[in-house]
>>> print(open('my_file-v7.cif').read())   # mmCIF, C-alpha atoms and all ligand atoms
data_run
loop_
_atom_site.label_atom_id
_atom_site.label_comp_id
_atom_site.auth_asym_id
_atom_site.auth_seq_id
_atom_site.Cartn_x
_atom_site.Cartn_y
_atom_site.Cartn_z
CA MET A 1 2.35 -3.37 12.30
CA SER A 2 5.43 -2.81 14.44
CA ASP A 3 7.68 -5.46 12.86
CA CYS A 4 6.59 -5.12 9.22
CA ILE A 5 9.62 -4.12 7.15
CA PHE A 6 7.61 -1.93 4.75
CA CYS A 7 5.88 -0.19 7.69
CA LYS A 8 9.37 0.51 9.05
CA ILE A 9 10.36 2.03 5.69
CA ILE A 10 7.17 4.13 5.70
CA ARG A 11 7.91 5.33 9.26
CA LYS A 12 11.48 6.14 8.07
CA GLU A 13 12.91 3.77 10.69
CA ILE A 14 14.94 2.00 8.01
CA PRO A 15 16.26 3.54 4.82
CA ALA A 16 14.83 3.13 1.33
CA THR A 17 15.41 4.88 -1.95
CA VAL A 18 12.10 6.67 -2.37
CA VAL A 19 11.08 7.91 -5.81
CA PHE A 20 7.54 9.13 -5.14
CA GLU A 21 5.13 9.62 -2.27
CA ASP A 22 1.80 11.20 -1.51
CA ASP A 23 -0.72 10.86 1.34
CA ASP A 24 -1.63 7.28 0.35
CA VAL A 25 1.37 5.61 -1.28
CA LEU A 26 5.14 5.29 -1.14
CA VAL A 27 7.18 4.19 -4.16
CA PHE A 28 10.73 2.99 -3.59
CA MET A 29 13.39 0.99 -5.38
CA ASP A 30 13.37 -2.79 -4.85
CA ILE A 31 16.64 -3.73 -3.17
CA GLY A 32 16.79 -7.02 -5.12
CA PRO A 33 15.73 -5.99 -8.63
CA ILE A 34 14.54 -8.59 -11.15
CA VAL A 35 15.74 -6.03 -13.69
CA LYS A 36 17.61 -2.87 -12.59
CA GLY A 37 15.15 -0.01 -12.04
CA HIS A 38 12.52 -2.33 -10.43
CA ALA A 39 10.27 -0.28 -8.10
CA LEU A 40 7.64 -1.15 -5.48
CA VAL A 41 4.37 0.72 -4.94
CA THR A 42 2.99 0.28 -1.44
CA PRO A 43 0.23 1.89 0.63
CA LYS A 44 1.28 3.96 3.63
CA LYS A 45 -1.27 2.07 5.73
CA HIS A 46 -0.64 -1.63 6.31
CA TYR A 47 -2.99 -3.91 4.34
CA ASP A 48 -2.63 -7.49 3.16
CA PRO A 49 -3.56 -9.43 1.09
CA ILE A 50 -5.31 -7.75 -1.86
CA THR A 51 -8.65 -9.32 -0.87
CA GLU A 52 -8.47 -7.49 2.49
CA THR A 53 -7.38 -4.16 0.97
CA PRO A 54 -9.99 -1.42 0.38
CA ASP A 55 -10.94 -0.94 -3.29
CA ALA A 56 -9.82 2.70 -3.26
CA ILE A 57 -6.33 1.65 -2.12
CA VAL A 58 -6.12 -1.15 -4.71
CA ALA A 59 -7.11 1.38 -7.37
CA LYS A 60 -4.57 3.91 -6.12
CA LEU A 61 -1.77 1.31 -6.07
CA HIS A 62 -2.44 0.31 -9.65
CA LEU A 63 -2.89 3.85 -10.93
CA THR A 64 0.44 4.71 -9.31
CA ALA A 65 2.01 1.60 -10.87
CA LYS A 66 0.81 2.86 -14.27
CA ARG A 67 2.50 6.19 -13.58
CA VAL A 68 5.75 4.48 -12.52
CA ALA A 69 5.64 2.32 -15.67
CA ALA A 70 5.41 5.44 -17.84
CA ALA A 71 8.31 6.97 -15.89
CA GLN A 72 10.44 3.85 -16.42
CA MET A 73 9.80 4.03 -20.15
CA ASN A 74 10.65 7.73 -20.26
CA ALA A 75 13.56 7.68 -17.79
CA PHE A 76 15.25 4.42 -18.78
CA GLY A 77 13.95 3.92 -22.32
CA ALA A 78 12.34 0.66 -21.15
CA ASP A 79 10.85 -1.34 -24.03
CA GLY A 80 8.18 -2.82 -21.76
CA VAL A 81 7.12 -3.17 -18.12
CA ASN A 82 5.92 -6.09 -15.98
CA ILE A 83 3.43 -5.20 -13.25
CA MET A 84 2.87 -7.93 -10.68
CA GLN A 85 1.48 -8.34 -7.19
CA ASN A 86 1.94 -11.49 -5.10
CA ASN A 87 -0.51 -12.71 -2.45
CA GLY A 88 0.49 -15.48 -0.07
CA ALA A 89 3.63 -17.54 0.33
CA ALA A 90 2.31 -20.02 -2.27
CA ALA A 91 2.35 -17.15 -4.76
CA GLY A 92 5.90 -16.17 -3.82
CA GLN A 93 5.04 -13.31 -1.46
CA GLU A 94 7.81 -12.56 1.02
CA VAL A 95 6.72 -9.24 2.53
CA GLU A 96 3.17 -9.34 3.90
CA HIS A 97 2.33 -5.69 3.25
CA ILE A 98 0.60 -5.28 -0.10
CA HIS A 99 2.87 -3.93 -2.83
CA VAL A 100 2.89 -3.78 -6.61
CA HIS A 101 6.10 -4.62 -8.44
CA VAL A 102 6.84 -2.40 -11.45
CA ILE A 103 9.68 -3.94 -13.43
CA PRO A 104 11.18 -2.19 -16.45
CA ARG A 105 11.94 -4.55 -19.33
CA PHE A 106 14.44 -4.21 -22.12
CA SER A 107 14.70 -6.39 -25.19
CA THR A 108 18.29 -7.03 -24.08
CA ASP A 109 17.71 -7.64 -20.31
CA GLY A 110 18.09 -11.43 -20.56
CA HIS A 111 15.36 -12.07 -17.97
CA HIS A 112 12.91 -14.91 -18.65
CA TRP A 113 9.91 -15.74 -16.50
CA ASN A 114 9.73 -19.47 -15.95
CA TRP A 115 6.24 -19.37 -17.44
CA ASN A 116 5.52 -23.04 -17.88
CA ALA A 117 2.07 -23.16 -19.52
CA LYS A 118 0.13 -26.31 -18.59
CA LYS A 119 -2.63 -28.14 -20.47
CA TYR A 120 -6.05 -29.08 -19.12
CA ASP A 121 -6.82 -32.81 -19.29
CA ASP A 122 -9.80 -31.91 -21.46
CA PHE A 123 -12.22 -29.07 -22.14
CA SER A 124 -14.61 -30.17 -19.38
CA GLU A 125 -11.89 -29.78 -16.72
CA MET A 126 -11.46 -26.12 -17.68
CA ASN A 127 -15.23 -25.62 -17.89
CA LYS A 128 -15.70 -27.04 -14.38
CA LEU A 129 -13.16 -24.57 -12.96
CA ALA A 130 -14.84 -21.73 -14.85
CA GLU A 131 -18.22 -22.81 -13.44
CA ASP A 132 -16.86 -22.77 -9.86
CA LEU A 133 -15.31 -19.35 -10.44
CA ARG A 134 -18.48 -17.86 -11.96
CA LYS A 135 -20.45 -18.83 -8.83
CA HIS A 136 -18.16 -16.66 -6.72
CA LEU A 137 -18.01 -13.63 -9.00
P1 LIG B 201 7.23 -10.19 -2.62
O1 LIG B 201 7.95 -11.48 -2.88
O2 LIG B 201 6.19 -9.88 -3.67
O3 LIG B 201 6.72 -10.10 -1.21
O4 LIG B 201 8.33 -9.05 -2.85
C1 LIG B 201 9.07 -8.49 -1.81
C2 LIG B 201 10.10 -7.59 -2.45
O5 LIG B 201 10.57 -6.69 -1.48
C3 LIG B 201 11.31 -8.35 -3.01
O6 LIG B 201 11.42 -8.09 -4.39
C4 LIG B 201 12.48 -7.78 -2.20
O7 LIG B 201 13.65 -7.62 -2.98
C5 LIG B 201 11.93 -6.45 -1.74
N1 LIG B 201 12.50 -5.95 -0.50
C6 LIG B 201 12.61 -6.61 0.68
N2 LIG B 201 13.17 -5.82 1.62
C7 LIG B 201 13.41 -4.62 1.02
C8 LIG B 201 13.98 -3.40 1.46
N3 LIG B 201 14.42 -3.23 2.70
N4 LIG B 201 14.06 -2.38 0.58
C9 LIG B 201 13.64 -2.54 -0.70
N5 LIG B 201 13.09 -3.67 -1.17
C10 LIG B 201 12.98 -4.71 -0.33
ZN ZN B 202 3.29 -3.05 6.93
#
>>> encode(input="my_file-v7.cif", output="structure tokens")
Amino acid sequence: MSDCIFCKIIRKEIPATVVFEDDDVLVFMDIGPIVKGHALVTPKKHYDPITETPDAIVAKLHLTAKRVAAAQMNAFGADGVNIMQNNGAAAGQEVEHIHVHVIPRFSTDGHHWNWNAKKYDDFSEMNKLAEDLRKHL
């Protein structure tokens, strides 16, 4: 992917602050942190979205995210960590090269997700969605 910004980082064509790499993954600091210390775990090969990414790579990304989370707790004294991964513009994805956000959280960081929990009209509405989902799992 010649014009993918994360591929350019992986090819060292543009700079990034790398904290870890191996044959499969690159971990670097997010330039626009939700909370300072926010890191991104991305595969060295271009894949997107998660449903088109090989299982072994998805596993590796998340195992690496777990490792980064532990490092954020140890290095920064983070009280918690958010791990998230966006797929599609509707889900807020901006860079179309799969990546896992690892965001250190502190009881004092002042960040709040705008997590606006909805209500189903009734139980049958939720059951219908569950039924549709079950058919595809
Ligand atoms: P997403 O919305 O899940 O696609 O997240 C893309 C993330 O990439 C955002 O959090 C950006 O701040 C981050 N980002 C974009 N360009 C760069 C860059 N050159 N170096 C580091 N992080 C970047
Ligand atoms: Zn890419």
>>> closest_residue(input="my_file-v7.cif", among="A:Lys36, A:Arg134, A:Arg11, A:Lys119", to="ligand ZN 202 (chain B)", atoms="only C-alpha atoms and all ligand atoms")
A:Arg11
>>> closest_residue(input="my_file-v7.cif", among="A:Ala90, A:Leu26, A:Cys4, A:Met126", to="Thr64 of chain A", atoms="only C-alpha atoms")
A:Leu26
>>> closest_atom_pairs(input="my_file-v7.cif", of="segment 8-82 of chain A", to="segment 97-106 of chain A", cutoff="9 Å", atoms="all atoms listed in the file", output="CSV")
residue,atom,partner,partner_atom,distance
A:Asp30,CA,A:His101,CA,8.3
A:Pro33,CA,A:Ile103,CA,8.0
A:Ile34,CA,A:Ile103,CA,7.1
A:Val35,CA,A:Ile103,CA,6.4
A:Lys36,CA,A:Pro104,CA,7.5
A:Gly37,CA,A:Pro104,CA,6.3
A:His38,CA,A:Ile103,CA,4.4
A:Ala39,CA,A:Val102,CA,5.2
A:Leu40,CA,A:His101,CA,4.8
A:Val41,CA,A:Val100,CA,5.0
A:Thr42,CA,A:His99,CA,4.4
A:Pro43,CA,A:Ile98,CA,7.2
A:Lys45,CA,A:His97,CA,8.9
A:His46,CA,A:His97,CA,5.9
A:Tyr47,CA,A:His97,CA,5.7
A:Asp48,CA,A:Ile98,CA,5.1
A:Pro49,CA,A:Ile98,CA,6.0
A:Ile50,CA,A:Ile98,CA,6.6
A:Thr53,CA,A:Ile98,CA,8.1
A:Leu61,CA,A:Val100,CA,6.9
A:His62,CA,A:Val100,CA,7.4
A:Ala65,CA,A:Val102,CA,6.3
A:Lys66,CA,A:Val102,CA,8.5
A:Val68,CA,A:Val102,CA,7.0
A:Ala69,CA,A:Val102,CA,6.4
A:Gln72,CA,A:Pro104,CA,6.1
A:Met73,CA,A:Pro104,CA,7.4
A:Phe76,CA,A:Pro104,CA,8.1
A:Gly77,CA,A:Phe106,CA,8.1
A:Ala78,CA,A:Phe106,CA,5.4
A:Asp79,CA,A:Phe106,CA,5.0
A:Gly80,CA,A:Arg105,CA,4.8
A:Val81,CA,A:Pro104,CA,4.5
A:Asn82,CA,A:Ile103,CA,5.0
>>> residues_near_ligand(input="my_file-v7.cif", ligand="ligand LIG 201 (chain B)", cutoff="6 Å", atoms="all atoms listed in the file", output="PDB file with C-alpha atoms, in the frame of the given file")
ATOM      1  CA  ALA A  16      14.830   3.130   1.330  1.00  0.00           C
ATOM      2  CA  MET A  29      13.390   0.990  -5.380  1.00  0.00           C
ATOM      3  CA  ASP A  30      13.370  -2.790  -4.850  1.00  0.00           C
ATOM      4  CA  ILE A  31      16.640  -3.730  -3.170  1.00  0.00           C
ATOM      5  CA  GLY A  32      16.790  -7.020  -5.120  1.00  0.00           C
ATOM      6  CA  ASN A  86       1.940 -11.490  -5.100  1.00  0.00           C
ATOM      7  CA  GLY A  92       5.900 -16.170  -3.820  1.00  0.00           C
ATOM      8  CA  GLN A  93       5.040 -13.310  -1.460  1.00  0.00           C
ATOM      9  CA  GLU A  94       7.810 -12.560   1.020  1.00  0.00           C
ATOM     10  CA  VAL A  95       6.720  -9.240   2.530  1.00  0.00           C
TER      11      VAL A  95
END
>>> atom_distance(input="my_file-v7.cif", atom1="atom CA of Ile57 of chain A", atom2="atom CA of Asp23 of chain A")
11.3 Å
>>> axis_aligned_box(input="my_file-v7.cif", around="segment 113-127 of chain A", padding_each_side="3 Å", output="lines of an AutoDock Vina configuration file")
center_x = -2.7
center_y = -24.3
center_z = -19.0
size_x = 31.1
size_y = 23.1
size_z = 12.2
>>> atom_distance(input="my_file-v7.cif", atom1="atom CA of Asp3 of chain A", atom2="atom CA of Asn87 of chain A")
18.8 Å
>>> decode(input="my_file-v7.cif", residues="segment 27-88 of chain A", atoms="C-alpha atoms", output="compact mmCIF listing (two decimals), in the first residue's frame")
# COMPACT_ATOMS: atom_id res chain seq x y z
CA VAL A 27 4.38 -0.48 18.22
CA PHE A 28 4.68 3.30 18.18
CA MET A 29 3.35 6.28 20.07
CA ASP A 30 0.06 7.79 18.85
CA ILE A 31 0.76 11.35 17.73
CA GLY A 32 -2.64 12.51 19.02
CA PRO A 33 -2.97 10.72 22.36
CA ILE A 34 -6.35 10.34 24.06
CA VAL A 35 -4.26 10.14 27.22
CA LYS A 36 -0.48 10.76 27.13
CA GLY A 37 1.39 7.47 26.64
CA HIS A 38 -1.22 6.16 24.12
CA ALA A 39 0.43 3.60 21.80
CA LEU A 40 -0.61 1.84 18.58
CA VAL A 41 0.08 -1.81 17.74
CA THR A 42 0.07 -2.48 14.01
CA PRO A 43 1.09 -5.38 11.75
CA LYS A 44 4.08 -4.84 9.48
CA LYS A 45 2.00 -6.20 6.58
CA HIS A 46 -0.97 -4.13 5.46
CA TYR A 47 -4.34 -5.64 6.45
CA ASP A 48 -7.74 -4.07 6.98
CA PRO A 49 -10.34 -4.42 8.42
CA ILE A 50 -10.17 -7.02 11.21
CA THR A 51 -12.51 -9.36 9.28
CA GLU A 52 -9.94 -9.50 6.43
CA THR A 53 -6.94 -9.96 8.74
CA PRO A 54 -5.52 -13.48 9.28
CA ASP A 55 -6.34 -14.98 12.69
CA ALA A 56 -2.65 -15.34 13.58
CA ILE A 57 -2.10 -11.62 13.01
CA VAL A 58 -5.20 -10.65 15.02
CA ALA A 59 -3.92 -12.86 17.84
CA LYS A 60 -0.44 -11.36 17.63
CA LEU A 61 -1.81 -7.79 17.68
CA HIS A 62 -3.85 -8.45 20.79
CA LEU A 63 -1.12 -10.38 22.59
CA THR A 64 1.22 -7.47 21.87
CA ALA A 65 -1.44 -5.02 23.12
CA LYS A 66 -1.57 -7.01 26.37
CA ARG A 67 2.20 -6.67 26.68
CA VAL A 68 2.05 -2.91 26.01
CA ALA A 69 -0.73 -2.56 28.61
CA ALA A 70 1.47 -4.23 31.23
CA ALA A 71 4.35 -1.94 30.24
CA GLN A 72 2.14 1.16 30.60
CA MET A 73 1.14 0.05 34.09
CA ASN A 74 4.75 -0.61 35.06
CA ALA A 75 6.34 2.37 33.28
CA PHE A 76 3.74 5.05 33.97
CA GLY A 77 1.95 3.63 37.00
CA ALA A 78 -1.27 3.55 34.94
CA ASP A 79 -4.31 2.61 37.03
CA GLY A 80 -6.02 1.01 34.02
CA VAL A 81 -5.78 0.62 30.24
CA ASN A 82 -8.31 0.91 27.39
CA ILE A 83 -7.69 -1.39 24.42
CA MET A 84 -9.69 -0.54 21.32
CA GLN A 85 -9.68 -1.23 17.61
CA ASN A 86 -11.85 0.66 15.11
CA ASN A 87 -13.14 -0.80 11.83
CA GLY A 88 -14.69 1.48 9.23
